[in-house]
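Peer 1: Provided herewith: model-v3.txt, compact mmCIF, C-alpha atoms and all ligand atoms.
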```txt
# COMPACT_ATOMS: atom_id res chain seq x y z
CA MET G 1 0.00 0.00 0.00
CA ASP G 2 1.17 3.54 -0.70
CA ASN G 3 2.05 6.01 2.07
CA ILE G 4 0.22 9.26 1.41
CA LEU G 5 1.52 12.73 2.28
CA LEU G 6 -0.49 15.92 2.00
CA LEU G 7 2.23 18.52 1.41
CA THR G 8 1.50 22.24 1.61
CA HIS G 9 2.78 25.64 2.67
CA SER G 10 0.96 27.53 5.42
CA GLU G 11 -0.73 30.93 5.12
CA ALA G 12 0.67 34.02 6.86
CA ASP G 13 -1.49 33.26 9.95
CA GLY G 14 -0.09 29.71 10.17
CA SER G 15 -3.26 27.93 8.98
CA VAL G 16 -3.28 25.74 5.89
CA PRO G 17 -4.82 27.19 2.71
CA LYS G 18 -8.36 26.16 1.72
CA ALA G 19 -6.90 24.54 -1.40
CA ALA G 20 -4.90 22.23 0.91
CA LEU G 21 -8.11 21.06 2.61
CA GLU G 22 -9.49 20.35 -0.88
CA ALA G 23 -6.35 18.39 -1.81
CA LEU G 24 -6.71 16.50 1.50
CA SER G 25 -10.28 15.50 0.49
CA ALA G 26 -8.86 14.12 -2.73
CA ALA G 27 -6.00 12.35 -0.91
CA LYS G 28 -8.42 10.68 1.53
CA THR G 29 -10.29 9.00 -1.33
CA LEU G 30 -7.18 6.85 -1.87
CA GLY G 31 -8.21 4.90 1.22
CA ALA G 32 -4.86 5.00 3.08
CA PRO G 33 -3.85 7.02 6.17
CA VAL G 34 -2.70 10.54 5.29
CA VAL G 35 0.20 12.31 6.99
CA ALA G 36 0.43 16.09 6.53
CA GLY G 37 3.62 18.04 5.88
CA VAL G 38 3.41 21.82 6.30
CA PHE G 39 6.10 24.47 5.86
CA GLY G 40 6.03 28.22 6.30
CA GLY G 41 7.01 31.13 8.55
CA ALA G 42 4.65 29.77 11.20
CA VAL G 43 2.55 26.62 11.13
CA ASN G 44 -0.60 26.20 13.17
CA ALA G 45 -1.10 22.44 13.13
CA ALA G 46 -4.45 22.93 14.92
CA SER G 47 -5.87 24.08 11.57
CA LEU G 48 -5.75 20.38 10.63
CA ALA G 49 -7.60 19.27 13.77
CA GLY G 50 -10.49 16.90 13.04
CA THR G 51 -9.48 16.46 9.40
CA GLY G 52 -8.31 12.86 9.86
CA VAL G 53 -4.59 13.34 9.17
CA THR G 54 -2.61 10.97 11.37
CA LYS G 55 0.37 13.26 12.01
CA VAL G 56 1.63 16.71 11.02
CA LEU G 57 5.27 17.15 10.04
CA VAL G 58 6.28 20.78 10.35
CA ALA G 59 9.16 22.82 8.92
CA SER G 60 8.76 26.38 10.10
CA GLY G 61 10.78 29.47 10.81
CA PRO G 62 11.52 32.91 9.39
CA ALA G 63 13.58 31.37 6.55
CA PHE G 64 10.39 29.77 5.16
CA ALA G 65 8.05 32.73 5.63
CA GLU G 66 8.36 34.17 2.11
CA PRO G 67 7.68 32.13 -1.02
CA ARG G 68 11.13 31.61 -2.54
CA TYR G 69 12.19 28.71 -4.75
CA ALA G 70 15.32 27.70 -2.83
CA THR G 71 13.80 27.65 0.65
CA ASP G 72 10.38 26.25 -0.38
CA ALA G 73 11.98 23.44 -2.40
CA ALA G 74 14.34 22.57 0.48
CA ALA G 75 11.49 22.45 3.00
CA ALA G 76 9.17 20.47 0.73
CA THR G 77 11.92 17.95 -0.11
CA ALA G 78 12.84 17.48 3.57
CA LEU G 79 9.21 16.94 4.59
CA ALA G 80 8.59 14.46 1.78
CA LYS G 81 11.74 12.52 2.70
CA ALA G 82 10.91 12.55 6.44
CA SER G 83 7.44 11.15 5.71
CA GLY G 84 8.72 8.31 3.52
CA ALA G 85 5.65 8.93 1.36
CA THR G 86 5.23 7.19 -1.97
CA VAL G 87 2.36 9.46 -3.04
CA VAL G 88 2.63 13.20 -2.35
CA VAL G 89 -0.58 15.18 -2.83
CA CYS G 90 -0.29 18.99 -2.96
CA PRO G 91 -2.70 21.86 -3.57
CA ALA G 92 -1.86 23.60 -6.87
CA THR G 93 -1.40 27.02 -5.28
CA SER G 94 1.08 29.16 -7.19
CA ARG G 95 3.59 28.62 -4.35
CA MET G 96 3.41 24.80 -4.57
CA ALA G 97 3.13 24.71 -8.37
CA ARG G 98 6.37 26.68 -8.66
CA VAL G 99 8.52 24.24 -6.70
CA MET G 100 6.99 20.76 -6.94
CA ALA G 101 8.43 19.73 -10.32
CA GLY G 102 11.91 20.44 -8.90
CA VAL G 103 11.05 18.67 -5.64
CA ALA G 104 9.83 15.58 -7.56
CA HIS G 105 13.18 15.57 -9.37
CA ARG G 106 15.12 15.86 -6.11
CA LEU G 107 13.12 12.94 -4.72
CA GLY G 108 13.79 10.88 -7.84
CA GLY G 109 10.06 10.68 -8.48
CA ARG G 110 7.51 11.86 -11.03
CA ILE G 111 4.92 14.63 -11.05
CA ASP G 112 1.48 15.14 -12.60
CA THR G 113 -0.32 18.46 -12.51
CA HIS G 114 -3.87 19.79 -12.98
CA VAL G 115 -5.33 16.79 -11.18
CA THR G 116 -9.07 17.24 -10.57
CA GLN G 117 -9.85 13.97 -8.80
CA LEU G 118 -8.10 11.01 -7.19
CA VAL G 119 -9.62 7.54 -7.08
CA ASN G 120 -8.46 4.18 -5.84
CA GLU G 121 -8.82 1.64 -8.61
CA GLY G 122 -6.58 -1.06 -7.22
CA GLY G 123 -3.99 1.70 -6.70
CA PRO G 124 -3.85 5.48 -6.77
CA THR G 125 -5.33 6.86 -9.98
CA ALA G 126 -5.30 10.54 -10.94
CA ILE G 127 -7.94 12.09 -13.13
CA ARG G 128 -7.25 15.23 -15.16
CA TRP G 129 -8.43 16.98 -18.30
CA TYR G 130 -6.50 17.61 -21.50
CA TYR G 131 -6.98 19.90 -24.46
CA ARG G 132 -8.67 22.63 -22.47
CA GLN G 133 -11.08 20.45 -20.56
CA ARG G 134 -12.31 18.51 -23.59
CA ILE G 135 -10.74 15.10 -22.89
CA GLU G 136 -10.71 13.47 -19.46
CA ALA G 137 -7.91 10.99 -18.72
CA LYS G 138 -7.11 8.57 -15.90
CA LEU G 139 -3.42 8.20 -15.07
CA ARG G 140 -1.52 5.58 -13.10
CA ARG G 141 2.21 5.42 -12.63
CA LYS G 142 4.64 2.81 -11.37
CA GLU G 143 7.31 5.34 -10.38
CA ARG G 144 7.46 6.52 -6.80
CA PRO G 145 7.30 8.96 -5.15
CA TRP G 146 4.46 10.23 -7.30
CA VAL G 147 3.72 13.92 -6.77
CA LEU G 148 0.22 15.12 -7.64
CA LEU G 149 -0.84 18.77 -7.80
CA VAL G 150 -4.60 19.02 -7.26
CA ASP G 151 -6.29 22.02 -8.90
CA PRO G 152 -8.10 24.30 -6.43
CA GLY G 153 -11.89 24.34 -6.74
CA ALA G 154 -12.18 20.81 -8.14
CA THR G 155 -12.97 19.03 -4.84
CA ALA G 156 -14.95 20.09 -1.77
CA ALA G 157 -12.69 20.99 1.18
CA VAL G 158 -12.52 18.40 3.96
CA LYS G 159 -14.91 19.28 6.80
CA PRO G 160 -13.28 18.92 10.22
CA GLU G 161 -15.12 16.47 12.48
CA GLY G 162 -14.36 17.02 16.15
CA SER G 163 -11.32 18.84 17.40
CA ALA G 164 -8.83 16.03 17.89
CA ALA G 165 -5.49 17.65 17.13
CA PRO G 166 -3.07 15.35 15.30
CA PRO G 167 0.41 14.82 16.80
CA VAL G 168 3.03 17.25 15.55
CA GLU G 169 6.61 16.42 14.66
CA ALA G 170 9.16 19.11 13.81
CA VAL G 171 11.46 18.40 10.88
CA THR G 172 14.76 20.23 10.85
CA VAL G 173 15.61 21.69 7.46
CA ALA G 174 18.99 23.19 6.78
CA ALA G 175 17.92 26.44 5.12
CA PRO G 176 19.91 26.82 1.92
CA GLU G 177 21.86 29.91 1.05
CA VAL G 178 19.54 32.41 -0.56
CA ARG G 179 20.20 34.97 -3.26
CA THR G 180 16.61 36.24 -3.42
CA SER G 181 15.08 38.52 -0.83
CA VAL G 182 11.45 39.61 -1.02
CA SER G 183 11.10 43.38 -0.97
CA GLY G 184 7.34 43.66 -1.48
CA VAL G 185 4.37 42.50 -3.52
CA ARG G 186 3.14 44.03 -6.76
CA ALA G 187 -0.30 42.89 -7.93
CA PRO G 188 -0.68 42.27 -11.69
CA SER G 189 -3.81 44.36 -12.06
CA SER G 190 -3.36 48.03 -11.31
CA GLY G 191 -6.94 48.62 -10.27
CA GLU G 192 -9.47 46.71 -8.30
CA GLN G 193 -9.12 42.99 -7.50
CA THR G 194 -11.76 41.43 -9.73
CA ILE G 195 -10.71 37.77 -9.74
CA ARG G 196 -12.31 36.08 -6.75
CA PRO G 197 -11.98 32.29 -6.97
CA ASP G 198 -14.29 31.72 -3.98
CA ALA G 199 -17.17 33.86 -5.31
CA LYS G 200 -20.54 32.15 -5.84
CA LEU G 201 -21.03 33.92 -9.17
CA LEU G 202 -18.87 34.52 -12.23
CA LEU G 203 -19.83 37.53 -14.35
CA VAL G 204 -18.48 37.10 -17.88
CA ALA G 205 -18.13 40.38 -19.78
CA GLY G 206 -17.86 40.26 -23.57
CA ALA G 207 -16.71 42.77 -26.17
CA GLY G 208 -20.32 43.91 -26.68
CA TRP G 209 -19.86 46.22 -23.67
CA THR G 210 -17.55 48.39 -25.78
CA LYS G 211 -19.48 48.17 -29.09
CA LYS G 212 -21.72 50.85 -30.62
CA GLN G 213 -25.10 50.76 -28.96
CA ALA G 214 -28.64 51.68 -30.17
CA ASP G 215 -27.75 55.40 -30.33
CA GLY G 216 -24.84 54.64 -32.68
CA LYS G 217 -22.18 55.32 -30.04
CA PRO G 218 -20.16 53.10 -27.68
CA HIS G 219 -20.53 53.74 -23.94
CA PRO G 220 -17.46 52.18 -22.31
CA GLU G 221 -17.50 54.49 -19.26
CA LYS G 222 -21.10 53.55 -18.52
CA ALA G 223 -20.23 49.88 -19.05
CA GLU G 224 -17.30 50.20 -16.65
CA GLU G 225 -19.50 51.77 -14.01
CA LEU G 226 -22.23 49.11 -14.38
CA ILE G 227 -19.79 46.20 -14.20
CA LEU G 228 -17.84 47.57 -11.24
CA SER G 229 -21.01 48.47 -9.30
CA PHE G 230 -22.30 44.96 -9.85
CA LEU G 231 -19.03 43.35 -8.74
CA ARG G 232 -18.88 45.50 -5.61
CA ALA G 233 -22.50 44.86 -4.63
CA SER G 234 -22.59 41.14 -5.44
CA GLY G 235 -19.02 40.03 -4.60
CA ALA G 236 -18.97 38.22 -7.97
CA SER G 237 -15.76 37.34 -9.78
CA LEU G 238 -15.09 38.84 -13.21
CA GLY G 239 -14.34 36.79 -16.31
CA SER G 240 -13.85 38.21 -19.76
CA SER G 241 -13.89 37.11 -23.38
CA LYS G 242 -10.59 37.24 -25.27
CA SER G 243 -11.93 39.91 -27.62
CA LEU G 244 -12.53 42.29 -24.74
CA VAL G 245 -9.14 41.91 -23.05
CA ASP G 246 -7.32 41.93 -26.42
CA GLN G 247 -8.59 45.43 -27.12
CA ALA G 248 -5.99 46.84 -24.75
CA GLY G 249 -3.26 45.63 -27.10
CA GLU G 250 -4.94 47.41 -30.00
CA GLY G 251 -5.02 50.71 -28.12
CA GLN G 252 -8.81 50.74 -27.85
CA LYS G 253 -10.69 51.64 -24.71
CA VAL G 254 -10.61 48.72 -22.32
CA PHE G 255 -11.64 48.48 -18.71
CA GLU G 256 -8.86 49.38 -16.35
CA PHE G 257 -9.74 46.74 -13.82
CA MET G 258 -9.43 43.98 -16.39
CA SER G 259 -6.37 42.10 -17.67
CA HIS G 260 -5.65 38.88 -19.55
CA LEU G 261 -5.85 37.14 -16.19
CA ASN G 262 -9.63 37.62 -16.41
CA GLN G 263 -9.91 35.77 -19.71
CA VAL G 264 -11.95 32.59 -19.71
CA GLY G 265 -11.97 30.00 -22.48
CA GLN G 266 -9.73 27.83 -24.57
CA THR G 267 -6.73 30.11 -24.07
CA GLY G 268 -7.95 31.44 -20.72
CA ALA G 269 -9.20 29.97 -17.46
CA THR G 270 -11.99 27.48 -16.73
CA PRO G 271 -13.13 28.60 -13.27
CA ARG G 272 -15.48 26.62 -11.04
CA HIS G 273 -18.01 29.03 -9.55
CA PRO G 274 -21.47 27.59 -8.81
CA LYS G 275 -23.23 30.17 -11.04
CA GLY G 276 -22.37 32.20 -14.12
CA LEU G 277 -23.85 35.16 -15.97
CA ALA G 278 -22.49 36.06 -19.42
CA THR G 279 -23.19 39.55 -20.69
CA CYS G 280 -22.58 41.07 -24.14
CA CYS G 281 -20.72 37.93 -25.10
CA HIS G 282 -21.06 35.81 -28.22
CA GLY G 283 -17.89 33.65 -28.35
CA GLU G 284 -17.74 29.88 -28.57
CA GLU G 285 -14.67 29.61 -26.32
CA PRO G 286 -16.04 31.53 -23.32
CA HIS G 287 -19.37 29.73 -23.52
CA VAL G 288 -18.28 26.21 -24.43
CA VAL G 289 -14.93 25.97 -22.64
CA GLY G 290 -14.69 28.98 -20.31
CA TRP G 291 -17.60 28.14 -18.08
CA ARG G 292 -17.72 24.43 -18.61
CA PHE G 293 -17.59 23.75 -14.85
CA ILE G 294 -20.11 26.43 -13.91
CA ARG G 295 -23.23 24.60 -12.80
CA GLU G 296 -26.02 27.20 -13.39
CA ARG G 297 -25.50 29.41 -16.45
CA ARG G 298 -27.41 32.40 -17.73
CA ALA G 299 -26.65 34.93 -20.45
CA VAL G 300 -27.87 38.36 -21.53
CA ASN G 301 -27.54 39.12 -25.23
CA LEU G 302 -29.34 41.39 -27.68
CA ASP G 303 -29.05 38.68 -30.30
CA ALA G 304 -31.80 36.06 -29.91
CA SER G 305 -29.99 33.74 -32.27
CA CYS G 306 -26.64 33.86 -30.46
CA GLY G 307 -26.06 30.14 -30.84
CA TRP G 308 -23.32 29.82 -28.23
CA ALA G 309 -25.25 31.57 -25.50
CA ARG G 310 -28.42 29.67 -26.45
CA GLY G 311 -26.70 26.32 -26.63
CA LYS G 312 -24.60 26.69 -23.49
CA ALA G 313 -26.73 28.75 -21.11
CA ASP G 314 -29.68 27.37 -19.14
CA VAL G 315 -31.48 30.69 -19.62
CA LEU G 316 -30.86 33.33 -22.31
CA TYR G 317 -32.34 36.75 -21.65
CA VAL G 318 -32.73 38.53 -24.98
CA ALA G 319 -32.21 42.05 -23.68
CA ASP G 320 -29.93 45.05 -23.51
CA ALA G 321 -27.29 44.23 -20.86
CA PHE G 322 -26.91 47.96 -20.06
CA ALA G 323 -30.59 48.11 -19.05
CA VAL G 324 -30.55 44.73 -17.29
CA MET G 325 -27.45 45.46 -15.19
CA GLU G 326 -28.74 48.95 -14.32
CA LYS G 327 -31.89 47.36 -12.94
CA VAL G 328 -29.99 44.56 -11.17
CA ASN G 329 -27.67 47.11 -9.53
CA ALA G 330 -30.66 49.16 -8.37
CA LEU G 331 -32.22 46.02 -6.84
CA LEU G 332 -28.94 45.13 -5.11
CA ALA G 333 -28.60 48.69 -3.77
CA ALA G 334 -32.19 48.60 -2.47
CA ARG G 335 -31.48 45.39 -0.56
CA LYS G 336 -28.71 47.03 1.50
C1 LIG G 401 -7.17 29.80 -31.18
C2 LIG G 401 -8.23 30.69 -30.58
C3 LIG G 401 -8.37 30.69 -29.21
C4 LIG G 401 -9.33 31.50 -28.61
N1 LIG G 401 -9.46 31.48 -27.26
C5 LIG G 401 -10.40 32.22 -26.68
C6 LIG G 401 -10.59 32.21 -25.27
O1 LIG G 401 -9.89 31.54 -24.53
N2 LIG G 401 -11.57 32.97 -24.73
C7 LIG G 401 -12.37 33.77 -25.49
O2 LIG G 401 -13.23 34.45 -24.95
N3 LIG G 401 -12.22 33.80 -26.83
C8 LIG G 401 -11.25 33.08 -27.43
N4 LIG G 401 -11.10 33.16 -28.79
C9 LIG G 401 -11.90 34.15 -29.53
C10 LIG G 401 -13.34 33.72 -29.74
O3 LIG G 401 -13.38 32.84 -30.85
C11 LIG G 401 -14.26 34.90 -29.99
O4 LIG G 401 -13.77 35.68 -31.03
C12 LIG G 401 -14.46 35.80 -28.77
O5 LIG G 401 -14.73 35.01 -27.62
C13 LIG G 401 -15.62 36.75 -29.01
O6 LIG G 401 -15.71 37.64 -27.94
P1 LIG G 401 -17.07 38.32 -27.55
O7 LIG G 401 -18.14 37.31 -27.52
O8 LIG G 401 -16.82 39.11 -26.30
O9 LIG G 401 -17.27 39.43 -28.71
P2 LIG G 401 -18.23 39.49 -29.96
O10 LIG G 401 -18.14 38.27 -30.78
O11 LIG G 401 -17.95 40.79 -30.60
O12 LIG G 401 -19.70 39.52 -29.33
C14 LIG G 401 -20.26 40.64 -28.72
C15 LIG G 401 -21.69 40.27 -28.30
O13 LIG G 401 -22.22 41.33 -27.54
C16 LIG G 401 -23.60 41.42 -27.82
N5 LIG G 401 -24.05 42.75 -27.41
C17 LIG G 401 -23.66 43.97 -27.89
N6 LIG G 401 -24.29 44.96 -27.20
C18 LIG G 401 -25.09 44.35 -26.28
C19 LIG G 401 -26.00 44.85 -25.31
N7 LIG G 401 -26.21 46.16 -25.12
N8 LIG G 401 -26.64 43.95 -24.53
C20 LIG G 401 -26.46 42.61 -24.71
N9 LIG G 401 -25.63 42.10 -25.63
C21 LIG G 401 -24.95 42.95 -26.41
C22 LIG G 401 -23.69 41.15 -29.31
O14 LIG G 401 -25.00 40.73 -29.65
C23 LIG G 401 -22.64 40.05 -29.49
O15 LIG G 401 -23.24 38.77 -29.34
C24 LIG G 401 -10.16 32.33 -29.41
C25 LIG G 401 -10.02 32.31 -30.79
C26 LIG G 401 -9.06 31.51 -31.38
C27 LIG G 401 -8.92 31.51 -32.86
```
As structure tokens - that is how I would like this structure written.
Ligand SMILES: Cc1cc2nc3c(=O)[nH]c(=O)nc-3n(C[C@H](O)[C@H](O)[C@H](O)COP(=O)(O)OP(=O)(O)OC[C@H]3O[C@@H](n4cnc5c(N)ncnc54)[C@H](O)[C@@H]3O)c2cc1C
Peer 2:
Amino acid sequence: MDNILLLTHSEADGSVPKAALEALSAAKTLGAPVVAGVFGGAVNAASLAGTGVTKVLVASGPAFAEPRYATDAAAATALAKASGATVVVCPATSRMARVMAGVAHRLGGRIDTHVTQLVNEGGPTAIRWYYRQRIEAKLRRKERPWVLLVDPGATAAVKPEGSAAPPVEAVTVAAPEVRTSVSGVRAPSSGEQTIRPDAKLLLVAGAGWTKKQADGKPHPEKAEELILSFLRASGASLGSSKSLVDQAGEGQKVFEFMSHLNQVGQTGATPRHPKGLATCCHGEEPHVVGWRFIRERRAVNLDASCGWARGKADVLYVADAFAVMEKVNALLAARK
């Protein structure tokens, strides 16, 4: 039987990230006891109380506080070695994704990424999608240790039962020499944070928001105001079609709070919010691929025969999105 390790960094407050509790859910389906390995500036092992892990191996200290390849890779390698694990399950946070290929190499193992599910079919089996979520594959490997990065949002987080704190074991890691010091954080988007992975709703904005409207003129400022007001009042996350974010490169008016990171679709993201609302959007990619994992989907489009919205939304409102969102924003404001 394989020995399973859940390997993760901690958050600034010492707790484990939500994505780690999701990866733990996936790891538990393998049917073997799971040991946790956590590294970071501080580690609060109590955040794994009641989750069923049998032990928590900890590598903590100021040297591991900041995400940095050298120190993260050293800590992750030491924890994996100390656990003797043959299967290492990690949340695909940017911090883990950056180092785990190197860690798998240092361990003499193999790595698979973008795992959405783990199952036990006479041995650990990883499920992931290829070709932008169009083909689902099941993977098994003979090589060990096998490192698996589980995509956030694909599995429900483990729900703690009781408060039994697992035993904690400190692992000493010789911090390597570092050449990189962290002087601060610069966010990619200059304006407002519009990507909210935990939001219940994804608002997809298409290029129609910047197109000429019934009066023969475009109204990008009005569009910007409507979208931002909606995001602020609803807490929704913002997705965009490629056409809309590409306009920045062509020097046209584009929303300041939006970047390519918002793009959904074949060459963008495939987020997993429970609900989605597409507005002013026609494209195949955002509708067919971009919100493939969204469970309840609605769209607002002036074009009644917009085939992609019609084919891929549960409800299509044939209406002017400017008027609809104005009304929705007024209703949200009235509820406050
Ligand atoms: C290799 C490749 C990869 C691609 N990858 C992606 C990808 O990852 N993601 C992606 O999005 N695209 C991708 N595309 C582009 C994609 O094919 C479409 O061109 C793009 O999605 C269209 O964007 P859109 O729907 O916002 O704009 P448009 O096609 O211009 O549609 C605008 C829509 O707005 C509606 N509209 C206008 N005014 C209003 C109003 N007042 N109220 C309501 N509706 C209104 C119109 O009826 C129209 O349907 C890719 C293309 C290629 C070739």
Peer 1: Pick from G:Thr54, G:Gln266, G:Thr113, G:Gln247: nearest to Cys90 (chain G), with all atoms listed in the file counted?
Peer 2: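 Checking each candidate against Cys90 (chain G), we get G:Thr113 as the closest.
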Peer 1: Axis-aligned box over every listed atom of region 268-274 of chain G, padded by 4 Å per side: centre and edges in Å to one decimal, as AutoDock Vina command-line options?
Peer 2:
```
--center_x -14.7 --center_y 29.0 --center_z -14.8 --size_x 21.5 --size_y 12.8 --size_z 19.9
```
Peer 1: Go through the chains and note each residue within 7 Å of ligand LIG 401 (chain G), using all atoms listed in the file, then give the set as an mmCIF file with C-alpha atoms, in the frame of the given file.
Peer 2:
```
data_model
loop_
_atom_site.group_PDB
_atom_site.id
_atom_site.type_symbol
_atom_site.label_atom_id
_atom_site.label_comp_id
_atom_site.auth_asym_id
_atom_site.auth_seq_id
_atom_site.Cartn_x
_atom_site.Cartn_y
_atom_site.Cartn_z
ATOM 1 C CA ALA G 205 -18.130 40.380 -19.780
ATOM 2 C CA GLY G 206 -17.860 40.260 -23.570
ATOM 3 C CA ALA G 207 -16.710 42.770 -26.170
ATOM 4 C CA GLY G 208 -20.320 43.910 -26.680
ATOM 5 C CA TRP G 209 -19.860 46.220 -23.670
ATOM 6 C CA LYS G 211 -19.480 48.170 -29.090
ATOM 7 C CA GLN G 213 -25.100 50.760 -28.960
ATOM 8 C CA SER G 240 -13.850 38.210 -19.760
ATOM 9 C CA SER G 241 -13.890 37.110 -23.380
ATOM 10 C CA LYS G 242 -10.590 37.240 -25.270
ATOM 11 C CA SER G 243 -11.930 39.910 -27.620
ATOM 12 C CA LEU G 244 -12.530 42.290 -24.740
ATOM 13 C CA GLN G 263 -9.910 35.770 -19.710
ATOM 14 C CA VAL G 264 -11.950 32.590 -19.710
ATOM 15 C CA GLY G 265 -11.970 30.000 -22.480
ATOM 16 C CA GLN G 266 -9.730 27.830 -24.570
ATOM 17 C CA THR G 267 -6.730 30.110 -24.070
ATOM 18 C CA GLY G 268 -7.950 31.440 -20.720
ATOM 19 C CA THR G 279 -23.190 39.550 -20.690
ATOM 20 C CA CYS G 280 -22.580 41.070 -24.140
ATOM 21 C CA CYS G 281 -20.720 37.930 -25.100
ATOM 22 C CA HIS G 282 -21.060 35.810 -28.220
ATOM 23 C CA GLY G 283 -17.890 33.650 -28.350
ATOM 24 C CA GLU G 284 -17.740 29.880 -28.570
ATOM 25 C CA GLU G 285 -14.670 29.610 -26.320
ATOM 26 C CA PRO G 286 -16.040 31.530 -23.320
ATOM 27 C CA GLY G 290 -14.690 28.980 -20.310
ATOM 28 C CA VAL G 300 -27.870 38.360 -21.530
ATOM 29 C CA ASN G 301 -27.540 39.120 -25.230
ATOM 30 C CA LEU G 302 -29.340 41.390 -27.680
ATOM 31 C CA ASP G 303 -29.050 38.680 -30.300
ATOM 32 C CA CYS G 306 -26.640 33.860 -30.460
ATOM 33 C CA ALA G 319 -32.210 42.050 -23.680
ATOM 34 C CA ASP G 320 -29.930 45.050 -23.510
ATOM 35 C CA ALA G 321 -27.290 44.230 -20.860
ATOM 36 C CA PHE G 322 -26.910 47.960 -20.060
#
```
Peer 1: For a test of reading the model, state the distance in Å between CA of Val53 (chain G) and CA of Val87 (chain G), rounded to one decimal.
Peer 2: 14.6 Å
Peer 1: Name all residues at most 9 Å from Leu139 (chain G) (count only C-alpha atoms; drop same-chain ones fewer than 2 positions away) and give them as a PDB file with C-alpha atoms, in the frame of the given file.
Peer 2:
```pdb
ATOM      1  CA  ASP G 112       1.480  15.140 -12.600  1.00  0.00           C
ATOM      2  CA  PRO G 124      -3.850   5.480  -6.770  1.00  0.00           C
ATOM      3  CA  THR G 125      -5.330   6.860  -9.980  1.00  0.00           C
ATOM      4  CA  ALA G 126      -5.300  10.540 -10.940  1.00  0.00           C
ATOM      5  CA  ILE G 127      -7.940  12.090 -13.130  1.00  0.00           C
ATOM      6  CA  ARG G 128      -7.250  15.230 -15.160  1.00  0.00           C
ATOM      7  CA  ALA G 137      -7.910  10.990 -18.720  1.00  0.00           C
ATOM      8  CA  ARG G 141       2.210   5.420 -12.630  1.00  0.00           C
TER       9      ARG G 141
END
```
Peer 1: Nearest to Leu48 (chain G) among G:Ala26, G:Ala73, G:Ala101, G:Val158, with distances taken over only C-alpha atoms: which residue is it?
Peer 2: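 Of the candidates, the smallest distance to Leu48 (chain G) is held by G:Val158.
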Peer 1: From the set G:Thr29, G:Ser305, G:Thr8, G:Thr180, which residue has the shortest atom-to-atom contact distance to Met96 (chain G), counting all atoms listed in the file?
Peer 2: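 Looking at the shortest contact to Met96 (chain G), the residue is G:Thr8.
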Peer 1: Distance table requested - region 42-72 of chain G against region 164-176 of chain G, cut-off 8 Å, only C-alpha atoms: one row per qualifying residue with the closest atom pair and its distance in Å to one decimal, ordered by chain and rising residue number, as CSV.
Peer 2:
```
residue,atom,partner,partner_atom,distance
G:Ala45,CA,G:Val168,CA,7.1
G:Ala46,CA,G:Ala165,CA,5.8
G:Leu48,CA,G:Ala165,CA,7.1
G:Ala49,CA,G:Ala165,CA,4.3
G:Gly50,CA,G:Ala164,CA,5.2
G:Gly52,CA,G:Pro166,CA,8.0
G:Val53,CA,G:Pro166,CA,6.6
G:Thr54,CA,G:Pro166,CA,5.9
G:Lys55,CA,G:Pro167,CA,5.0
G:Val56,CA,G:Val168,CA,4.8
G:Leu57,CA,G:Glu169,CA,4.9
G:Val58,CA,G:Ala170,CA,4.8
G:Ala59,CA,G:Val171,CA,5.4
G:Ala63,CA,G:Ala175,CA,6.7
G:Ala70,CA,G:Pro176,CA,6.7
G:Thr71,CA,G:Ala175,CA,6.2
```
Peer 1: Please, what distance in Å, to one decimal, runs between CA of His260 (chain G) and CA of Val245 (chain G)?
Peer 2: 5.8 Å
